$ cat structure-v5.txt   # compact mmCIF, C-alpha atoms
# COMPACT_ATOMS: atom_id res chain seq x y z
CA MET A 1 71.84 46.52 -78.31
CA PRO A 2 71.89 45.06 -81.83
CA VAL A 3 68.72 43.37 -82.92
CA ASP A 4 69.48 40.58 -85.33
CA ASP A 5 66.58 38.45 -86.23
CA SER A 6 68.57 35.91 -88.13
CA PRO A 7 69.78 33.12 -85.88
CA GLY A 8 73.24 32.75 -87.30
CA GLU A 9 73.91 36.42 -86.80
CA PHE A 10 72.75 36.32 -83.22
CA GLU A 11 74.97 33.40 -82.35
CA SER A 12 77.91 34.85 -84.21
CA ALA A 13 77.51 38.16 -82.37
CA LEU A 14 77.11 36.41 -79.05
CA LYS A 15 79.75 33.71 -79.17
CA PRO A 16 82.92 35.83 -79.36
CA LEU A 17 81.61 37.99 -76.54
CA TRP A 18 80.77 34.93 -74.52
CA LEU A 19 84.16 33.33 -75.05
CA ARG A 20 85.87 36.53 -73.92
CA ALA A 21 83.55 36.63 -70.92
CA GLN A 22 84.43 33.05 -70.04
CA SER A 23 88.11 33.94 -69.92
CA GLY A 24 87.48 36.85 -67.55
CA ASP A 25 86.40 39.92 -69.58
CA ASP A 26 83.69 41.50 -67.41
CA ALA A 27 82.63 44.09 -69.98
CA ALA A 28 82.10 41.37 -72.60
CA TYR A 29 80.22 39.37 -70.00
CA ARG A 30 77.86 42.25 -69.25
CA GLN A 31 77.19 42.74 -72.96
CA ALA A 32 76.66 39.02 -73.57
CA LEU A 33 74.21 38.75 -70.67
CA GLY A 34 72.35 41.78 -72.05
CA LEU A 35 72.02 40.15 -75.46
CA LEU A 36 70.90 36.90 -73.89
CA ALA A 37 68.40 38.62 -71.59
CA SER A 38 66.48 40.18 -74.45
CA ARG A 39 66.38 36.89 -76.36
CA LEU A 40 65.35 34.90 -73.31
CA ARG A 41 62.63 37.43 -72.56
CA ALA A 42 61.13 36.87 -76.00
CA TYR A 43 61.51 33.11 -75.69
CA LEU A 44 59.80 33.00 -72.30
CA LYS A 45 57.13 35.53 -73.24
CA ARG A 46 55.94 33.32 -76.05
CA ARG A 47 55.76 30.29 -73.79
CA LEU A 48 54.19 32.03 -70.83
CA SER A 49 51.38 33.75 -72.71
CA GLY A 50 48.96 32.80 -69.93
CA LEU A 51 51.30 34.03 -67.18
CA PRO A 52 52.82 37.29 -68.48
CA ASP A 53 53.75 38.42 -64.99
CA GLU A 54 56.10 35.50 -64.59
CA VAL A 55 58.20 36.42 -67.60
CA GLU A 56 60.60 38.93 -66.07
CA ASP A 57 61.00 36.88 -62.89
CA LEU A 58 61.93 33.88 -64.97
CA VAL A 59 64.33 35.94 -67.10
CA GLN A 60 66.11 36.95 -63.90
CA GLU A 61 66.05 33.43 -62.51
CA THR A 62 67.53 32.14 -65.77
CA LEU A 63 70.25 34.81 -65.78
CA LEU A 64 71.24 33.83 -62.25
CA ALA A 65 71.38 30.18 -63.33
CA LEU A 66 73.45 31.05 -66.41
CA HIS A 67 75.90 32.86 -64.17
CA LEU A 68 76.13 30.12 -61.56
CA GLN A 69 76.46 27.41 -64.20
CA ARG A 70 78.79 29.19 -66.62
CA GLY A 71 81.37 26.52 -65.88
CA THR A 72 79.13 23.94 -67.59
CA TYR A 73 79.25 25.73 -70.95
CA ASP A 74 81.06 23.68 -73.58
CA PRO A 75 82.87 25.96 -76.08
CA THR A 76 82.18 23.56 -78.94
CA LEU A 77 78.43 24.22 -78.64
CA PRO A 78 76.37 27.27 -79.57
CA VAL A 79 75.93 29.59 -76.58
CA SER A 80 72.27 30.11 -77.47
CA ALA A 81 71.53 26.35 -77.39
CA TRP A 82 73.11 26.12 -73.94
CA ALA A 83 71.24 29.18 -72.67
CA VAL A 84 67.91 28.03 -74.09
CA ALA A 85 68.36 24.59 -72.51
CA ILE A 86 68.74 26.31 -69.13
CA ALA A 87 65.78 28.62 -69.77
CA ARG A 88 63.66 25.66 -70.74
CA HIS A 89 64.68 23.82 -67.60
CA LYS A 90 63.59 26.83 -65.52
CA LEU A 91 60.34 27.01 -67.47
CA VAL A 92 59.55 23.34 -66.89
CA ASP A 93 60.42 23.80 -63.24
CA LEU A 94 58.00 26.74 -63.00
CA TRP A 95 55.24 24.74 -64.64
CA ARG A 96 55.86 21.79 -62.40
CA ARG A 97 55.64 23.98 -59.35
CA ARG A 98 52.45 25.63 -60.54
CA GLY A 99 51.04 22.51 -62.16
CA ARG A 100 49.04 21.39 -59.17
CA ARG A 101 47.02 24.58 -59.13
CA ASP A 102 46.90 25.80 -62.67
CA SER A 103 45.82 24.10 -65.77
CA LEU A 104 48.39 24.98 -68.34
CA HIS A 105 47.72 24.07 -71.88
CA ASP A 106 50.93 25.07 -73.53
CA ALA A 107 53.13 22.23 -74.57
CA ILE A 108 56.85 22.68 -74.49
CA ASP A 109 57.95 23.56 -77.97
CA ASP A 110 61.06 22.16 -79.41
CA VAL A 111 64.06 24.31 -78.73
CA ASP A 112 63.92 26.87 -81.46
CA GLU A 113 66.16 29.75 -80.58
CA GLN A 114 66.19 30.51 -84.29
CA LEU A 115 62.88 32.30 -84.15
CA LEU A 116 63.62 34.55 -81.23
CA ALA A 117 63.23 38.25 -81.58
CA ALA A 118 64.84 40.56 -79.06
CA GLU A 119 62.64 42.09 -76.37
CA PRO A 120 63.56 45.19 -74.41
CA ASP A 121 63.45 45.14 -70.63
CA ASP A 122 60.29 46.81 -69.37
CA GLY A 123 61.53 46.40 -65.82
CA GLY A 124 58.52 44.32 -64.93
CA ALA A 125 59.98 41.89 -62.42
CA ARG A 126 57.36 41.16 -59.83
CA ARG A 127 59.65 39.74 -57.23
CA ASP A 128 62.22 42.12 -55.92
CA LEU A 129 65.61 40.45 -55.65
CA GLU A 130 66.76 43.17 -53.28
CA THR A 131 64.26 42.08 -50.65
CA LEU A 132 65.48 38.50 -51.03
CA PHE A 133 68.99 39.66 -50.17
CA ASP A 134 67.79 40.29 -46.65
CA ALA A 135 67.22 36.58 -46.20
CA LEU A 136 70.87 35.73 -46.98
CA PRO A 137 73.27 34.90 -44.16
CA GLN A 138 75.16 37.99 -43.01
CA ALA A 139 78.58 37.09 -44.45
CA GLN A 140 77.15 36.29 -47.88
CA ARG A 141 75.00 39.40 -47.94
CA GLN A 142 77.93 41.56 -46.98
CA ALA A 143 80.28 40.01 -49.56
CA ILE A 144 77.72 40.54 -52.33
CA ALA A 145 76.87 44.05 -51.20
CA LEU A 146 80.52 45.13 -51.12
CA THR A 147 81.74 43.57 -54.36
CA LYS A 148 78.62 43.46 -56.49
CA LEU A 149 76.60 46.48 -55.39
CA GLU A 150 79.11 48.96 -53.99
CA GLY A 151 81.65 47.95 -56.60
CA LEU A 152 84.65 47.30 -54.39
CA SER A 153 87.30 44.96 -55.70
CA VAL A 154 87.67 41.60 -53.98
CA ALA A 155 90.89 42.85 -52.36
CA GLU A 156 89.19 45.98 -51.03
CA ALA A 157 86.25 43.96 -49.72
CA ALA A 158 88.69 41.59 -48.03
CA ALA A 159 90.49 44.52 -46.40
CA ARG A 160 87.21 46.07 -45.28
CA THR A 161 85.85 42.88 -43.68
CA GLY A 162 89.06 41.26 -42.52
CA ALA A 163 88.24 38.08 -44.43
CA SER A 164 90.62 36.57 -46.99
CA GLU A 165 90.11 37.22 -50.69
CA SER A 166 89.22 33.62 -51.39
CA ALA A 167 86.72 33.68 -48.53
CA ILE A 168 85.05 36.74 -50.11
CA LYS A 169 84.83 34.96 -53.47
CA VAL A 170 83.35 31.87 -51.85
CA GLN A 171 80.79 33.96 -49.94
CA VAL A 172 79.76 35.77 -53.12
CA HIS A 173 79.30 32.49 -54.99
CA ARG A 174 77.42 30.85 -52.13
CA GLY A 175 75.28 33.94 -51.68
CA LEU A 176 74.27 33.99 -55.35
CA LYS A 177 73.54 30.28 -55.16
CA ARG A 178 71.41 30.79 -52.08
CA LEU A 179 69.68 33.68 -53.80
CA ALA A 180 68.84 31.43 -56.76
CA ALA A 181 67.37 28.90 -54.33
CA LEU A 182 65.34 31.62 -52.62
CA VAL A 183 64.05 32.77 -55.98
CA ARG A 184 62.73 29.28 -56.68
CA GLY A 185 61.24 28.82 -53.24
CA ASP A 186 59.65 32.23 -53.38
CA SER A 187 57.87 31.69 -56.64
CA SER A 188 56.28 28.49 -55.35
CA ASP A 189 54.83 30.51 -52.49
CA ASP A 190 53.37 33.24 -54.61
CA VAL A 191 51.19 30.71 -56.41
CA ARG A 192 48.73 31.48 -53.68
CA GLN A 193 48.69 35.19 -54.33
CA PRO A 194 46.54 36.72 -57.01
CA ILE A 195 48.56 37.77 -60.01
CA ARG A 196 48.92 41.49 -60.62
CA THR A 197 49.30 42.85 -64.09
CA HIS A 198 52.26 44.98 -64.90
CA GLY A 199 53.30 47.48 -67.46
CA PRO A 200 51.69 47.77 -70.86
CA GLY A 201 48.81 45.44 -71.38
CA ILE A 202 50.27 42.73 -73.53
CA SER A 203 48.74 40.21 -71.29
CA GLY A 204 45.11 39.61 -72.16
CA PRO A 205 42.82 37.85 -69.70
CA VAL A 206 45.23 36.97 -66.95
CA HIS A 207 42.84 35.98 -64.24
CA GLU A 208 41.62 33.09 -66.27
CA ARG A 209 44.43 31.06 -64.81
CA SER A 210 42.68 30.28 -61.55
CA LYS A 211 40.31 27.69 -62.86
CA MET B 1 65.56 44.94 -59.02
CA LYS B 2 65.52 45.60 -62.73
CA THR B 3 67.03 43.02 -64.99
CA ASP B 4 69.71 45.42 -66.21
CA ALA B 5 70.79 46.01 -62.63
CA LEU B 6 70.98 42.28 -62.07
CA ILE B 7 73.16 41.91 -65.15
CA ASP B 8 75.48 44.66 -63.89
CA MET B 9 75.69 42.91 -60.57
CA LEU B 10 76.45 39.49 -62.04
CA ALA B 11 79.07 40.82 -64.45
CA ARG B 12 80.86 43.08 -61.99
CA ASP B 13 84.15 41.56 -60.99
CA ALA B 14 82.91 38.20 -62.26
CA GLY B 15 86.30 36.98 -63.41
CA PRO B 16 86.86 33.90 -65.55
CA ALA B 17 84.43 30.98 -65.59
CA PRO B 18 85.56 27.84 -63.76
CA ARG B 19 87.08 25.27 -66.10
CA ALA B 20 86.33 21.56 -66.42
CA LEU B 21 83.71 21.99 -63.74
CA ALA B 22 81.98 18.62 -64.25
CA ALA B 23 85.23 16.65 -64.03
CA ARG B 24 86.39 18.67 -61.05
CA ARG B 25 83.22 17.88 -59.13
CA LEU B 26 82.70 14.27 -60.19
CA SER B 27 86.25 12.92 -59.84
CA PRO B 28 86.65 13.61 -56.12
CA ALA B 29 83.15 12.26 -55.48
CA ALA B 30 84.01 9.01 -57.24
CA ALA B 31 87.39 8.83 -55.50
CA VAL B 32 85.85 9.28 -52.05
CA GLY B 33 83.20 6.69 -52.90
CA LEU B 34 85.86 4.24 -54.06
CA LEU B 35 87.95 4.61 -50.91
CA MET B 36 84.89 4.12 -48.74
CA SER B 37 83.58 1.09 -50.66
CA ALA B 38 87.00 -0.59 -50.68
CA GLY B 39 87.51 0.18 -46.99
CA ILE B 40 84.08 -1.08 -46.00
CA ALA B 41 84.40 -4.20 -48.19
CA ILE B 42 87.70 -5.19 -46.60
CA ALA B 43 86.59 -4.36 -43.07
CA TRP B 44 83.23 -6.05 -43.43
CA PHE B 45 83.77 -9.06 -45.71
CA GLY B 46 87.56 -9.36 -45.49
CA ALA B 47 89.99 -9.18 -48.41
CA ILE B 48 90.42 -12.03 -50.86
CA PRO B 49 93.59 -14.11 -50.41
CA ALA B 50 96.66 -12.46 -51.93
CA GLN B 51 97.39 -15.38 -54.25
CA MET B 52 94.15 -14.65 -56.09
CA PHE B 53 95.81 -11.55 -57.51
CA ALA B 54 98.11 -13.90 -59.45
CA THR B 55 95.08 -15.01 -61.46
CA ALA B 56 92.97 -12.99 -63.88
CA VAL B 57 89.92 -13.18 -61.61
CA PRO B 58 90.11 -9.95 -59.57
CA TRP B 59 91.63 -8.06 -62.50
CA THR B 60 88.68 -8.97 -64.72
CA LYS B 61 86.30 -7.62 -62.13
CA MET B 62 88.29 -4.46 -61.63
CA ALA B 63 88.71 -3.89 -65.37
CA TYR B 64 84.95 -4.26 -65.84
CA ALA B 65 84.05 -2.02 -62.92
CA GLY B 66 86.72 0.53 -63.83
CA ALA B 67 85.72 0.72 -67.49
CA LEU B 68 82.05 1.03 -66.58
CA ALA B 69 82.79 3.73 -64.00
CA TRP B 70 84.74 5.69 -66.56
CA ALA B 71 82.03 5.37 -69.25
CA ALA B 72 79.16 6.11 -66.85
CA GLY B 73 81.13 9.02 -65.39
CA TRP B 74 81.60 10.47 -68.86
CA TRP B 75 77.89 10.02 -69.56
CA THR B 76 77.00 11.63 -66.21
CA ALA B 77 79.28 14.58 -66.92
CA ARG B 78 77.59 15.14 -70.29
CA LEU B 79 74.14 14.93 -68.72
CA SER B 80 75.24 17.54 -66.18
CA ARG B 81 75.90 20.13 -68.89
CA PRO B 82 72.90 21.67 -70.64
CA ALA B 83 72.65 20.96 -74.38
CA ALA B 84 75.77 18.75 -74.39
CA PRO B 85 75.36 15.71 -76.66
CA ASN B 86 75.34 12.46 -74.69
CA ALA B 87 74.68 9.74 -77.27
CA LEU B 88 78.34 8.69 -77.56
CA PRO B 89 79.03 8.14 -73.85
CA ARG B 90 75.67 6.38 -73.54
CA ARG B 91 76.66 3.96 -76.31
CA VAL B 92 80.08 3.39 -74.77
CA THR B 93 78.39 2.58 -71.45
CA VAL B 94 76.15 0.02 -73.15
CA LEU B 95 79.18 -1.35 -75.00
CA VAL B 96 81.02 -2.02 -71.72
CA LEU B 97 77.99 -3.88 -70.36
CA VAL B 98 77.69 -5.92 -73.55
CA ALA B 99 81.42 -6.68 -73.60
CA MET B 100 81.22 -8.13 -70.08
CA ALA B 101 78.17 -10.17 -71.07
CA VAL B 102 80.10 -11.57 -74.04
CA VAL B 103 83.11 -12.45 -71.90
CA GLY B 104 80.80 -14.16 -69.41
CA GLY B 105 78.97 -16.00 -72.19
CA VAL B 106 82.17 -17.23 -73.78
CA SER B 107 83.52 -18.50 -70.48
CA LEU B 108 80.26 -20.30 -69.91
CA ALA B 109 80.24 -21.84 -73.39
CA SER B 110 83.75 -23.17 -72.88
CA ALA B 111 82.89 -24.72 -69.50
CA PRO B 112 81.66 -28.33 -69.30
CA ALA B 113 77.88 -28.50 -69.42
CA GLY B 114 77.57 -29.84 -65.88
CA ALA B 115 79.57 -27.01 -64.35
CA ARG B 116 77.70 -24.11 -65.95
CA MET B 117 75.05 -23.70 -63.31
CA ASP B 118 77.66 -23.61 -60.58
CA ALA B 119 79.74 -21.10 -62.53
CA VAL B 120 76.82 -18.69 -62.84
CA LEU B 121 75.49 -19.06 -59.32
CA GLY B 122 78.76 -19.52 -57.45
CA ARG B 123 78.28 -19.54 -53.70
CA SER B 124 77.20 -15.95 -53.22
CA TRP B 125 74.78 -15.10 -56.02
CA SER B 126 72.02 -14.25 -53.59
CA THR B 127 74.07 -11.70 -51.67
CA CYS B 128 76.40 -10.29 -54.34
CA PRO B 129 74.02 -7.73 -55.94
CA TRP B 130 72.96 -6.45 -52.53
CA SER B 131 76.55 -6.16 -51.35
CA VAL B 132 77.40 -4.18 -54.48
CA LEU B 133 74.40 -1.92 -53.91
CA ALA B 134 75.30 -1.36 -50.25
CA LEU B 135 78.96 -0.61 -51.07
CA SER B 136 77.80 1.84 -53.75
CA LEU B 137 75.82 4.05 -51.41
CA PRO B 138 78.70 6.34 -50.33
CA ALA B 139 79.65 6.88 -53.98
CA LEU B 140 75.99 7.44 -54.86
CA ALA B 141 75.54 10.10 -52.20
CA ALA B 142 78.79 11.86 -53.14
CA SER B 143 78.11 11.72 -56.89
CA LEU B 144 74.52 12.91 -56.62
CA TRP B 145 75.77 15.81 -54.53
CA ALA B 146 78.38 16.56 -57.21
CA VAL B 147 75.83 16.44 -60.05
CA ARG B 148 73.40 18.56 -58.07
CA GLY B 149 75.93 21.37 -58.12
CA LEU B 150 76.06 21.17 -61.92
CA ALA B 151 73.15 21.67 -64.31
CA PRO B 152 71.38 18.40 -65.20
CA THR B 153 68.33 19.20 -67.32
CA ARG B 154 67.10 15.58 -67.43
CA PRO B 155 67.13 14.60 -63.76
CA ARG B 156 65.86 11.03 -64.11
CA VAL B 157 68.40 10.00 -66.74
CA ALA B 158 71.13 11.93 -64.96
CA GLY B 159 70.21 10.13 -61.73
CA PHE B 160 70.37 6.78 -63.54
CA ALA B 161 73.79 7.52 -65.04
CA THR B 162 75.02 8.72 -61.65
CA GLY B 163 73.74 5.45 -60.17
CA LEU B 164 75.63 3.42 -62.77
CA LEU B 165 78.79 5.35 -61.94
CA ALA B 166 78.29 4.76 -58.21
CA GLY B 167 77.36 1.10 -58.78
CA SER B 168 80.57 0.50 -60.74
CA VAL B 169 82.58 2.15 -57.99
CA GLY B 170 80.88 -0.08 -55.42
CA ALA B 171 81.53 -3.15 -57.59
CA PHE B 172 85.18 -2.18 -57.79
CA GLY B 173 85.36 -2.12 -54.00
CA TYR B 174 83.47 -5.39 -53.73
CA SER B 175 85.90 -7.12 -56.12
CA LEU B 176 88.53 -6.86 -53.36
CA SER B 177 86.37 -9.13 -51.16
CA CYS B 178 84.54 -11.33 -53.62
CA PRO B 179 85.78 -14.94 -53.82
CA GLU B 180 83.87 -15.88 -56.98
CA ALA B 181 86.01 -16.88 -59.97
CA SER B 182 83.71 -17.08 -62.99
CA PRO B 183 83.35 -14.18 -65.46
CA ALA B 184 79.77 -15.40 -65.98
CA PHE B 185 79.09 -14.70 -62.31
CA VAL B 186 80.47 -11.17 -62.70
CA ALA B 187 78.48 -10.56 -65.87
CA VAL B 188 75.21 -11.47 -64.15
CA TRP B 189 75.40 -10.54 -60.48
CA TYR B 190 77.80 -7.59 -60.52
CA THR B 191 75.79 -6.12 -63.36
CA MET B 192 72.61 -6.67 -61.40
CA GLY B 193 74.02 -4.84 -58.37
CA ILE B 194 75.15 -1.97 -60.58
CA ALA B 195 71.71 -1.88 -62.21
CA PHE B 196 70.05 -1.73 -58.77
CA THR B 197 72.19 1.28 -57.94
CA GLY B 198 71.25 2.84 -61.28
CA ALA B 199 67.58 2.31 -60.44
CA VAL B 200 68.01 3.97 -57.05
CA GLY B 201 69.69 6.89 -58.80
CA ALA B 202 66.85 7.15 -61.30
CA VAL B 203 64.29 7.24 -58.49
CA LEU B 204 66.26 9.85 -56.52
CA GLY B 205 67.21 11.97 -59.54
CA PRO B 206 64.00 13.98 -59.97
CA ARG B 207 63.88 14.64 -56.22
CA VAL B 208 67.52 15.38 -55.56
CA LEU B 209 68.84 16.90 -58.78
CA ARG B 210 66.87 20.12 -58.66
CA TRP B 211 68.44 23.48 -59.27
$ encode --input "structure-v5.txt" --output "structure tokens"
Amino acid sequence: MPVDDSPGEFESALKPLWLRAQSGDDAAYRQALGLLASRLRAYLKRRLSGLPDEVEDLVQETLLALHLQRGTYDPTLPVSAWAVAIARHKLVDLWRRRGRRDSLHDAIDDVDEQLLAAEPDDGGARRDLETLFDALPQAQRQAIALTKLEGLSVAEAAARTGASESAIKVQVHRGLKRLAALVRGDSSDDVRQPIRTHGPGISGPVHERSK
Amino acid sequence: MKTDALIDMLARDAGPAPRALAARRLSPAAAVGLLMSAGIAIAWFGAIPAQMFATAVPWTKMAYAGALAWAAGWWTARLSRPAAPNALPRRVTVLVLVAMAVVGGVSLASAPAGARMDAVLGRSWSTCPWSVLALSLPALAASLWAVRGLAPTRPRVAGFATGLLAGSVGAFGYSLSCPEASPAFVAVWYTMGIAFTGAVGAVLGPRVLRW
């Protein structure tokens, strides 16, 4: 994964990939999401310095939102501005949900995707998306499992289940949407749980948050 | 699930992004709202006499409501897309409101002094805004649902713009039943009904437009 610290270079590496992804190139899409994930991780890490365990969860939540909302991207705008606006929305949402219990002192910075450095994935998501799959309705879970996890094509999944191809696509989309909703609902519940630290200790005094 | 696995899952067989998503969601919502408001207006209040369509009166109302619906719809669509600039549609929306106020003012200035009060108040000033609000509710519900499926990052403003769109749609329906003839009446009481709907949208926005 290229690490460009200059903003123009990042956007100019990302945008052609993103535009190809938008018109249906899955390999370009995977690469673009990878680039975005490392930038978003750095963006969120800086703004969640008091809640380091939330970072990877929020990266994943933001990636899901980017995917579900890719139809709202306007090709005349920078991809990074669009992605950061979504990340910031998810960040504000997280703070709002936690706000009643935590005192958070960070203000929301102006959108400054310029300063982002890339961050590698340390795999530190606290909430396991796979366990959330179990809460999906059967048809949605099956459609996602067949096409997204087992790697069948939509046609093969349709043949396997007896549903039509468009029904499979609809179930996949609805399932991912439902998953995104579960992710939000879940993280409001875990406010009550004590936060565990993860991975290398970049975090500092985490338990301070429960004042 | 690791973030890289999530990215693989999202990108696999993802296909092209949906196009013109905001327009595709908002237009049917507004159309359904319009049919319902026109239907309810005619069933409830009765249609205006056919010979009124030979005058400019209903056309003025429909032109105002139609132009405002288009401008507010454009503004709503922009507010439903992260990072999309919305200053231009906002100004156009204000411009439509101001233009109607000017038309109303001119008609009032050219009326004889003794008739001005009657022109503004008509016979139905006390019910008109509430009728517009009531007739806007189907469009408001449908449009909020449409915007909720998009990505509004400023829910209060997006709710307000959605309310203006729905209010204009309701006003369009009401113009089929409204016997008032003065543009000054339209400029005051129609606008007030549309503003009420905008206010309802602004109150509902932060609650309803969450994603």
$ residues_around --input "structure-v5.txt" --residues "region 137-154 of chain B" --least-positions-apart "5" --cutoff "6 Å" --atoms "all atoms listed in the file" --output "list in words"
His89 of chain A; Arg25, Leu26, Ala29, Ala30, Gly33, Leu79, Ser80, Arg81, Ala166 and Leu209 of chain B
$ interface_residues --input "structure-v5.txt" --of "chain A" --to "chain B" --cutoff "8 Å" --atoms "all atoms listed in the file" --output "number ranges by chain"
A: 21-27, 29-30, 33-34, 56, 59-60, 63-64, 67, 69-74, 77, 81-83, 85-86, 89, 121, 123-125, 128-130, 147-149, 151, 153-154, 181
$ residues_near_point --input "structure-v5.txt" --point "(74.3, 10.8, -66.3)" --cutoff "6 Å" --atoms "only C-alpha atoms" --output "list of chain:residue names"
B:Trp75, B:Thr76, B:Leu79, B:Val157, B:Ala158, B:Ala161, B:Thr162
$ residues_around --input "structure-v5.txt" --residues "Tyr174 (chain B)" --least-positions-apart "5" --cutoff "8 Å" --atoms "all atoms listed in the file" --output "compact mmCIF listing (two decimals) with C-alpha atoms, in the coordinates of the input"
# COMPACT_ATOMS: atom_id res chain seq x y z
CA SER B 37 83.58 1.09 -50.66
CA ALA B 38 87.00 -0.59 -50.68
CA ALA B 41 84.40 -4.20 -48.19
CA SER B 131 76.55 -6.16 -51.35
CA VAL B 132 77.40 -4.18 -54.48
CA LEU B 135 78.96 -0.61 -51.07
$ atom_distance --input "structure-v5.txt" --atom1 "CA of Val57 (chain B)" --atom2 "CA of Val98 (chain B)"
18.6 Å
$ atom_distance --input "structure-v5.txt" --atom1 "CA of Ala69 (chain B)" --atom2 "CA of Ser27 (chain B)"
10.7 Å
$ decode --input "structure-v5.txt" --residues "region 137-156 of chain A" --atoms "N, CA and C atoms" --output "short mmCIF file (atom, residue, chain, number, x, y, z; two decimals), in the first residue's frame"
data_model
loop_
_atom_site.label_atom_id
_atom_site.label_comp_id
_atom_site.auth_asym_id
_atom_site.auth_seq_id
_atom_site.Cartn_x
_atom_site.Cartn_y
_atom_site.Cartn_z
N PRO A 137 -31.63 -11.45 9.64
CA PRO A 137 -32.64 -12.39 9.18
C PRO A 137 -32.00 -13.44 8.27
N GLN A 138 -32.56 -14.63 8.29
CA GLN A 138 -31.98 -15.79 7.61
C GLN A 138 -31.64 -15.52 6.14
N ALA A 139 -32.58 -14.93 5.38
CA ALA A 139 -32.37 -14.76 3.95
C ALA A 139 -31.20 -13.81 3.68
N GLN A 140 -31.10 -12.76 4.50
CA GLN A 140 -30.02 -11.79 4.32
C GLN A 140 -28.68 -12.42 4.69
N ARG A 141 -28.70 -13.16 5.79
CA ARG A 141 -27.46 -13.80 6.24
C ARG A 141 -26.95 -14.78 5.19
N GLN A 142 -27.89 -15.54 4.64
CA GLN A 142 -27.50 -16.53 3.65
C GLN A 142 -26.97 -15.86 2.38
N ALA A 143 -27.64 -14.80 1.93
CA ALA A 143 -27.20 -14.12 0.71
C ALA A 143 -25.80 -13.55 0.89
N ILE A 144 -25.53 -12.97 2.06
CA ILE A 144 -24.20 -12.41 2.31
C ILE A 144 -23.17 -13.52 2.43
N ALA A 145 -23.53 -14.57 3.13
CA ALA A 145 -22.58 -15.66 3.33
C ALA A 145 -22.19 -16.27 1.98
N LEU A 146 -23.17 -16.49 1.11
CA LEU A 146 -22.86 -17.14 -0.17
C LEU A 146 -22.04 -16.24 -1.09
N THR A 147 -22.46 -14.98 -1.24
CA THR A 147 -21.80 -14.14 -2.24
C THR A 147 -20.57 -13.44 -1.69
N LYS A 148 -20.62 -13.07 -0.41
CA LYS A 148 -19.54 -12.23 0.11
C LYS A 148 -18.49 -13.03 0.87
N LEU A 149 -18.88 -14.15 1.46
CA LEU A 149 -17.91 -14.91 2.26
C LEU A 149 -17.44 -16.16 1.52
N GLU A 150 -18.40 -16.91 0.94
CA GLU A 150 -17.98 -18.09 0.19
C GLU A 150 -17.52 -17.75 -1.22
N GLY A 151 -17.86 -16.56 -1.68
CA GLY A 151 -17.35 -16.11 -2.97
C GLY A 151 -18.10 -16.64 -4.18
N LEU A 152 -19.33 -17.08 -4.00
CA LEU A 152 -20.13 -17.47 -5.16
C LEU A 152 -20.53 -16.22 -5.95
N SER A 153 -20.77 -16.39 -7.24
CA SER A 153 -21.33 -15.28 -8.00
C SER A 153 -22.82 -15.16 -7.64
N VAL A 154 -23.40 -14.02 -8.01
CA VAL A 154 -24.82 -13.83 -7.71
C VAL A 154 -25.65 -14.91 -8.39
N ALA A 155 -25.27 -15.28 -9.63
CA ALA A 155 -26.01 -16.31 -10.36
C ALA A 155 -25.93 -17.65 -9.64
N GLU A 156 -24.71 -17.99 -9.16
CA GLU A 156 -24.55 -19.26 -8.45
C GLU A 156 -25.36 -19.27 -7.15
#
